[in-house]
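Asks: mmCIF, C-alpha atoms and all ligand atoms, saved as start_15.cif, coming up:
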data_upload
loop_
_atom_site.label_atom_id
_atom_site.label_comp_id
_atom_site.auth_asym_id
_atom_site.auth_seq_id
_atom_site.Cartn_x
_atom_site.Cartn_y
_atom_site.Cartn_z
CA MET A 1241 5.09 55.06 -21.12
CA ASN A 1242 7.96 56.12 -18.86
CA ASP A 1243 10.96 53.85 -18.59
CA ARG A 1244 11.91 53.86 -14.95
CA ALA A 1245 11.85 51.53 -11.97
CA ASN A 1246 8.50 52.80 -10.77
CA GLY A 1247 7.79 51.65 -7.25
CA CYS A 1248 10.65 49.13 -7.46
CA THR A 1249 13.77 49.11 -5.38
CA GLU A 1250 17.01 47.19 -5.62
CA GLY A 1251 17.21 46.65 -1.88
CA ALA A 1252 15.19 44.57 0.50
CA ALA A 1253 11.93 46.45 0.14
CA GLN A 1254 9.18 45.58 2.59
CA ASP A 1255 5.50 45.52 1.77
CA ASN A 1256 2.83 46.99 4.01
CA GLY A 1257 2.53 43.76 5.93
CA GLY A 1258 6.27 43.67 6.63
CA ARG A 1259 6.95 40.80 4.17
CA PRO A 1260 9.91 41.31 1.86
CA ALA A 1261 9.01 42.35 -1.69
CA GLU A 1262 9.85 39.83 -4.40
CA ARG A 1263 12.28 40.15 -7.29
CA LEU A 1264 10.37 40.85 -10.45
CA GLN A 1265 11.72 37.86 -12.40
CA LYS A 1266 10.90 35.54 -9.48
CA TYR A 1267 7.38 36.94 -9.27
CA LEU A 1268 6.86 36.48 -13.01
CA ALA A 1269 8.19 32.91 -12.96
CA ARG A 1270 5.95 32.06 -10.02
CA ALA A 1271 2.98 33.62 -11.82
CA GLY A 1272 3.64 31.09 -14.57
CA VAL A 1273 4.95 33.44 -17.26
CA GLY A 1274 7.99 31.26 -17.93
CA SER A 1275 11.36 30.20 -16.59
CA ARG A 1276 13.36 32.67 -14.47
CA ARG A 1277 15.81 33.16 -17.37
CA TYR A 1278 12.97 33.80 -19.83
CA CYS A 1279 11.41 36.35 -17.45
CA GLU A 1280 14.77 38.13 -17.09
CA GLU A 1281 14.87 38.43 -20.86
CA LEU A 1282 11.35 39.92 -20.90
CA ILE A 1283 12.47 42.49 -18.33
CA ARG A 1284 15.62 43.32 -20.29
CA CYS A 1285 13.56 43.79 -23.46
CA GLY A 1286 11.28 46.31 -21.73
CA ARG A 1287 8.19 44.13 -22.01
CA VAL A 1288 7.40 44.20 -18.30
CA THR A 1289 5.57 47.04 -16.58
CA VAL A 1290 4.95 47.73 -12.91
CA ASP A 1291 1.95 49.97 -12.33
CA GLY A 1292 2.04 50.90 -16.01
CA GLN A 1293 5.73 51.83 -16.16
CA VAL A 1294 8.42 49.85 -17.96
CA VAL A 1295 11.01 48.30 -15.64
CA ARG A 1296 14.29 47.08 -17.12
CA LEU A 1297 16.18 46.77 -13.86
CA LEU A 1298 16.91 43.08 -13.24
CA GLY A 1299 17.37 43.40 -9.49
CA ALA A 1300 14.13 45.34 -9.11
CA LYS A 1301 11.72 44.15 -6.45
CA ALA A 1302 8.01 44.46 -7.03
CA PRO A 1303 6.01 45.68 -4.07
CA PRO A 1304 3.07 43.38 -3.39
CA GLY A 1305 -0.10 44.97 -4.63
CA ALA A 1306 1.64 46.52 -7.64
CA LYS A 1307 0.05 45.81 -11.04
CA ILE A 1308 2.57 43.78 -13.01
CA ALA A 1309 2.03 43.16 -16.71
CA VAL A 1310 3.85 41.57 -19.64
CA ASP A 1311 3.14 43.09 -23.02
CA GLY A 1312 0.29 44.95 -21.38
CA LYS A 1313 -1.38 41.77 -20.08
CA PRO A 1314 -1.64 41.30 -16.29
CA ALA A 1315 0.79 38.70 -14.94
CA ASP A 1316 -0.91 38.13 -11.65
CA GLY A 1317 -0.90 34.36 -11.64
CA ALA A 1318 -4.47 34.37 -12.92
CA GLU A 1319 -4.70 31.66 -15.54
CA PRO A 1320 -5.50 32.92 -19.01
CA SER A 1321 -6.16 29.33 -20.05
CA GLY A 1322 -9.57 28.31 -18.76
CA GLY A 1323 -8.13 26.79 -15.60
CA ARG A 1324 -5.70 24.49 -17.44
CA LEU A 1325 -1.98 24.83 -17.86
CA TYR A 1326 -0.34 24.80 -21.28
CA ILE A 1327 3.41 25.21 -21.48
CA ALA A 1328 5.73 25.50 -24.47
CA LEU A 1329 9.27 24.31 -23.70
CA ASN A 1330 12.36 24.36 -25.88
CA LYS A 1331 13.68 20.93 -24.92
CA PRO A 1332 17.46 20.73 -25.11
CA ALA A 1333 18.96 17.62 -26.73
CA GLY A 1334 19.93 15.22 -23.94
CA VAL A 1335 16.67 15.64 -22.02
CA ILE A 1336 14.03 12.91 -21.88
CA SER A 1337 10.56 13.87 -23.09
CA SER A 1338 8.69 11.59 -20.68
CA ALA A 1339 7.55 12.57 -17.18
CA LYS A 1340 9.93 10.09 -15.45
CA ASP A 1341 13.09 8.30 -16.45
CA GLN A 1342 14.09 4.93 -15.04
CA PHE A 1343 17.79 5.86 -15.44
CA GLY A 1344 17.44 9.15 -13.55
CA ARG A 1345 18.15 11.33 -16.57
CA THR A 1346 16.75 14.86 -16.69
CA THR A 1347 13.18 14.98 -18.00
CA VAL A 1348 11.15 17.81 -19.53
CA VAL A 1349 9.14 17.91 -16.29
CA ASP A 1350 12.41 18.47 -14.35
CA VAL A 1351 13.30 21.36 -16.69
CA VAL A 1352 9.99 23.13 -16.05
CA GLY A 1353 10.36 22.31 -12.34
CA ALA A 1354 8.15 23.84 -9.71
CA GLY A 1355 7.64 26.95 -11.87
CA ALA A 1356 4.47 25.49 -13.37
CA GLY A 1357 2.91 25.44 -9.91
CA ARG A 1358 1.10 22.18 -10.70
CA ARG A 1359 1.87 18.74 -12.11
CA VAL A 1360 2.07 18.84 -15.91
CA TYR A 1361 2.74 16.09 -18.44
CA PRO A 1362 4.47 16.16 -21.82
CA VAL A 1363 2.27 16.02 -24.93
CA GLY A 1364 3.68 13.33 -27.20
CA ARG A 1365 7.37 12.59 -27.57
CA LEU A 1366 10.54 14.15 -28.85
CA ASP A 1367 13.68 12.03 -29.13
CA TYR A 1368 16.41 12.32 -26.52
CA ASP A 1369 18.81 13.72 -29.13
CA THR A 1370 16.26 16.09 -30.74
CA SER A 1371 15.77 19.61 -29.40
CA GLY A 1372 12.89 22.03 -29.77
CA LEU A 1373 9.23 22.53 -29.06
CA ILE A 1374 7.39 20.23 -26.71
CA LEU A 1375 4.10 21.11 -25.03
CA LEU A 1376 3.28 20.18 -21.44
CA THR A 1377 -0.18 20.36 -19.94
CA ASP A 1378 -2.50 19.12 -17.24
CA ASP A 1379 -5.34 18.91 -19.80
CA GLY A 1380 -5.72 15.22 -20.63
CA GLU A 1381 -8.06 15.70 -23.58
CA PHE A 1382 -5.78 18.26 -25.19
CA ALA A 1383 -2.77 15.97 -24.67
CA TYR A 1384 -4.59 13.04 -26.25
CA LYS A 1385 -5.76 14.97 -29.31
CA ALA A 1386 -2.51 16.87 -29.88
CA SER A 1387 -0.43 13.70 -29.83
CA HIS A 1388 -2.78 11.37 -31.70
CA PRO A 1389 -2.02 11.02 -35.44
CA LYS A 1390 -5.74 10.64 -36.21
CA PHE A 1391 -6.25 14.32 -35.32
CA GLY A 1392 -3.46 15.17 -37.74
CA ALA A 1393 -1.49 17.80 -35.77
CA GLU A 1394 1.31 18.86 -38.11
CA LYS A 1395 4.84 18.97 -36.80
CA ALA A 1396 7.64 20.98 -38.37
CA TYR A 1397 11.29 20.02 -37.93
CA GLU A 1398 14.45 21.86 -38.92
CA ALA A 1399 17.23 19.46 -39.78
CA ALA A 1400 20.88 20.20 -40.42
CA CYS A 1401 22.51 17.49 -42.53
CA ALA A 1402 26.16 16.55 -42.80
CA SER A 1403 26.15 17.45 -46.52
CA PRO A 1404 24.08 19.63 -48.91
CA VAL A 1405 20.50 18.56 -49.62
CA SER A 1406 19.65 18.30 -53.32
CA GLU A 1407 16.31 19.28 -54.86
CA GLU A 1408 15.93 15.60 -55.89
CA ALA A 1409 16.31 14.47 -52.27
CA ALA A 1410 13.76 17.08 -51.19
CA GLU A 1411 11.37 15.91 -53.91
CA SER A 1412 11.66 12.27 -52.74
CA LEU A 1413 10.91 13.34 -49.18
CA ARG A 1414 7.88 15.28 -50.43
CA ARG A 1415 6.52 12.27 -52.31
CA GLY A 1416 7.13 9.81 -49.45
CA VAL A 1417 9.98 7.41 -48.70
CA ASP A 1418 10.32 3.87 -47.39
CA ILE A 1419 11.64 4.19 -43.84
CA GLY A 1420 11.76 0.46 -43.20
CA GLY A 1421 9.39 -2.10 -41.80
CA GLY A 1422 7.28 -1.73 -44.94
CA PHE A 1423 6.26 1.83 -44.04
CA VAL A 1424 6.18 4.47 -46.76
CA THR A 1425 5.70 8.00 -45.43
CA SER A 1426 2.78 10.15 -46.57
CA PRO A 1427 3.46 13.21 -48.70
CA ALA A 1428 5.31 15.81 -46.64
CA ARG A 1429 6.05 19.49 -47.07
CA VAL A 1430 9.78 20.08 -47.43
CA TYR A 1431 11.52 23.45 -47.68
CA LEU A 1432 15.19 23.84 -48.48
CA CYS A 1433 17.02 26.57 -46.61
CA VAL A 1434 18.23 29.32 -48.91
CA GLU A 1435 21.08 30.46 -46.65
CA ASP A 1436 22.49 27.02 -45.81
CA PRO A 1437 22.31 24.15 -48.36
CA ARG A 1438 22.69 21.56 -45.56
CA LYS A 1439 19.46 22.64 -43.87
CA LEU A 1440 15.84 21.81 -44.56
CA THR A 1441 12.44 22.04 -42.88
CA VAL A 1442 10.25 18.94 -42.96
CA VAL A 1443 6.54 19.14 -42.05
CA ILE A 1444 4.80 15.83 -41.29
CA HIS A 1445 1.61 14.73 -39.58
CA GLU A 1446 2.60 11.14 -38.90
CA GLY A 1447 4.51 10.14 -35.81
CA LYS A 1448 6.55 7.00 -36.45
CA ASN A 1449 9.53 6.46 -34.18
CA ARG A 1450 12.44 8.73 -35.28
CA GLN A 1451 10.51 9.39 -38.47
CA VAL A 1452 12.32 12.49 -39.70
CA ARG A 1453 15.77 11.01 -39.07
CA ARG A 1454 14.72 7.82 -40.88
CA MET A 1455 13.22 9.80 -43.79
CA ILE A 1456 16.42 11.78 -44.21
CA SER A 1457 18.63 8.71 -44.06
CA ALA A 1458 16.32 7.02 -46.60
CA VAL A 1459 17.47 9.62 -49.15
CA GLY A 1460 21.13 8.97 -48.33
CA LEU A 1461 21.78 11.90 -45.99
CA THR A 1462 23.03 12.02 -42.40
CA VAL A 1463 21.28 14.21 -39.82
CA ALA A 1464 23.71 16.34 -37.83
CA SER A 1465 21.02 17.96 -35.67
CA LEU A 1466 17.25 18.02 -35.50
CA LYS A 1467 14.98 20.60 -33.89
CA ARG A 1468 11.18 20.73 -33.76
CA VAL A 1469 10.09 24.26 -34.54
CA ALA A 1470 6.31 23.93 -34.56
CA ILE A 1471 3.36 21.80 -33.58
CA GLY A 1472 0.71 23.02 -35.99
CA GLY A 1473 0.51 26.78 -35.65
CA ALA A 1474 2.10 26.72 -32.17
CA VAL A 1475 5.70 27.72 -32.79
CA LEU A 1476 8.96 27.63 -30.87
CA GLY A 1477 9.54 31.36 -31.52
CA GLY A 1478 12.37 32.96 -29.59
CA LEU A 1479 12.57 30.46 -26.71
CA ALA A 1480 16.19 29.49 -26.06
CA GLU A 1481 17.02 25.87 -25.15
CA GLY A 1482 15.76 25.09 -21.65
CA GLU A 1483 13.37 28.05 -21.64
CA TRP A 1484 9.62 27.69 -21.40
CA ARG A 1485 6.59 29.89 -21.29
CA MET A 1486 2.94 29.61 -20.41
CA LEU A 1487 0.49 29.56 -23.31
CA THR A 1488 -3.06 30.84 -23.28
CA ARG A 1489 -5.68 28.27 -24.27
CA THR A 1490 -6.02 30.01 -27.63
CA GLU A 1491 -2.27 29.71 -28.27
CA ALA A 1492 -2.35 26.04 -27.25
CA MET A 1493 -5.23 25.37 -29.66
CA LEU A 1494 -3.03 26.61 -32.50
CA ALA A 1495 -1.46 23.15 -32.29
CA PHE A 1496 -4.41 21.97 -34.42
CA GLU A 1497 -3.90 24.61 -37.13
CA PRO A 1498 -1.58 24.04 -40.09
CA TYR A 1499 2.01 25.19 -39.80
CA ALA A 1500 2.39 28.35 -41.88
CA TYR A 1501 5.94 28.20 -43.16
CA GLY A 1502 7.44 31.62 -43.74
CA LEU A 1503 5.07 33.45 -41.42
CA HIS A 1504 6.90 32.38 -38.28
CA GLN A 1505 10.52 33.03 -39.13
CA ASP A 1506 12.33 34.92 -36.31
N1 LIG B 1 11.39 12.60 -35.91
C1 LIG B 1 12.58 12.26 -35.40
O1 LIG B 1 13.39 11.70 -36.10
N2 LIG B 1 12.84 12.56 -34.12
C2 LIG B 1 11.98 13.20 -33.31
O2 LIG B 1 12.26 13.46 -32.15
C3 LIG B 1 10.73 13.54 -33.86
C4 LIG B 1 10.47 13.24 -35.16
#
Could you rewrite the structure in this file as structure tokens?
Ligand code: URA

Replies:
Amino acid sequence: MNDRANGCTEGAAQDNGGRPAERLQKYLARAGVGSRRYCEELIRCGRVTVDGQVVRLLGAKAPPGAKIAVDGKPADGAEPSGGRLYIALNKPAGVISSAKDQFGRTTVVDVVGAGAGRRVYPVGRLDYDTSGLILLTDDGEFAYKASHPKFGAEKAYEAACASPVSEEAAESLRRGVDIGGGFVTSPARVYLCVEDPRKLTVVIHEGKNRQVRRMISAVGLTVASLKRVAIGGAVLGGLAEGEWRMLTRTEAMLAFEPYAYGLHQD
């Protein structure tokens, strides 16, 4: 594949009908590939083609009618998701995971903005001070199942603690701990980070309020930061905070598969 700005110009190109051509990243965002910033990154990485040719030029404008693809798949706004929208967002800490906030704080729906092209709703919750993966969709049945504990979607969280995590603490978390109110957590999968002794990954399928933070404090540790990295087999991947991307229905359904620790490391 050649690596040139095939058919793209940096100036104000006009299409056959006299309408101005659209910047590639704007086209991709409007087609629902992801946020403008995410689409710029795709272009920079050489994953976007126009009429079969890689385009890395950020200012490039795509002539209407050109065949635009990401990783070889057409990005023409056609929904690869059975008519439903599924979005993976890396929620920054300090953003509310509900659709509306009575105090006017930024919500996950605000972060996705008009880019989704349709009204979408968050699937389940993620605390205000927790970052990471949250799914948004307009598919009510999917939202219900993916957020309901009875369907057992696993969620994986990476926590950084204020001090090193011992193997004993990890073992207690694995067995289950009393997080108050008479609730003892079910057995969890817990992985200590080899590179940083303050970090661990906790995989749970329950969804009590602030459960991971409460589990970690139950073993005498303080959480410095918490990030959700997976909902089942649907993973955060390389999305930076505030970035989002459209999922195919198949990718969204991975939310019901077990989280495969070790297979998804970036
Ligand atoms: N557990 C927490 O403590 N916080 C979250 O946001 C999710 C799970």

Asks: Got a sec: who's within 8 Å of region 1470-1483 of chain A, counting all atoms listed in the file, leaving out chain neighbours fewer than 5 positions off, as a ChimeraX atom specification?

Replies: /A:1274-1275,1277-1278,1328-1332,1351,1371-1373,1393-1397,1491-1500,1504-1506

Asks: Kindly give the distance, in Å, that separates CA of Val1443 (chain A) and CA of Gly1460 (chain A), rounded to a single decimal.

Replies: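 It comes out at 18.9 Å.
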
Asks: Between chain A and ligand LIG 1 (chain B), at 6 Å or less, what are the per-residue closest atom pairs and their distances in Å? Count all atoms listed in the file, order by chain and rising residue number, and return it as a tab-separated table.

Replies:
residue	atom	partner	partner_atom	distance
A:Leu1366	CA	B:LIG1	O2	3.8
A:Asp1367	CA	B:LIG1	O2	3.6
A:Thr1370	CA	B:LIG1	O2	5.0
A:Arg1450	CA	B:LIG1	O1	3.2
A:Gln1451	CA	B:LIG1	N1	4.2
A:Val1452	CA	B:LIG1	O1	3.8
A:Arg1453	CA	B:LIG1	O1	3.9

Asks: May I have the protein, DNA and RNA residues with an atom at most 10 Å from (15.2, 23.9, -48.1), counting only C-alpha atoms in the file's coordinates, returned as a ChimeraX atom specification?

Replies: /A:1398-1399,1404-1407,1410,1430-1442

Asks: Check the smallest atom-to-atom distance from each of A:Leu1466, A:Ala1302, A:Ala1402, A:Met1455 to Asp1369 (chain A) using all atoms listed in the file, then report the winner.

Replies: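 Counting all atoms listed in the file, the residue closest to Asp1369 (chain A) is A:Leu1466.
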
Asks: Report, in Å to a single decimal, how far apart CA of Arg1263 (chain A) and CA of Glu1280 (chain A) are.

Replies: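 Distance reported for this atom pair: 10.3 Å.
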
Asks: In the coordinate frame of the file, compute which residues have an atom within 10 Å of (12.4, 11.5, -49.5) when using only C-alpha atoms, and state them as a list in words.

Replies: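 Residues found, by chain and rising number: Glu1408, Ala1409, Ala1410, Glu1411, Ser1412, Leu1413, Arg1414, Arg1415, Gly1416, Val1417, Asp1418, Ile1419, Val1424, Thr1425, Pro1427, Ala1428, Val1430, Val1452, Arg1454, Met1455, Ile1456, Ser1457, Ala1458, Val1459 and Gly1460 of chain A.
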
Asks: How far is it from CA of Ile1308 (chain A) to CA of Gly1292 (chain A), in Å with one decimal?

Replies: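 CA of Gly1292 (chain A) lies at a distance of 7.7 Å from CA of Ile1308 (chain A).
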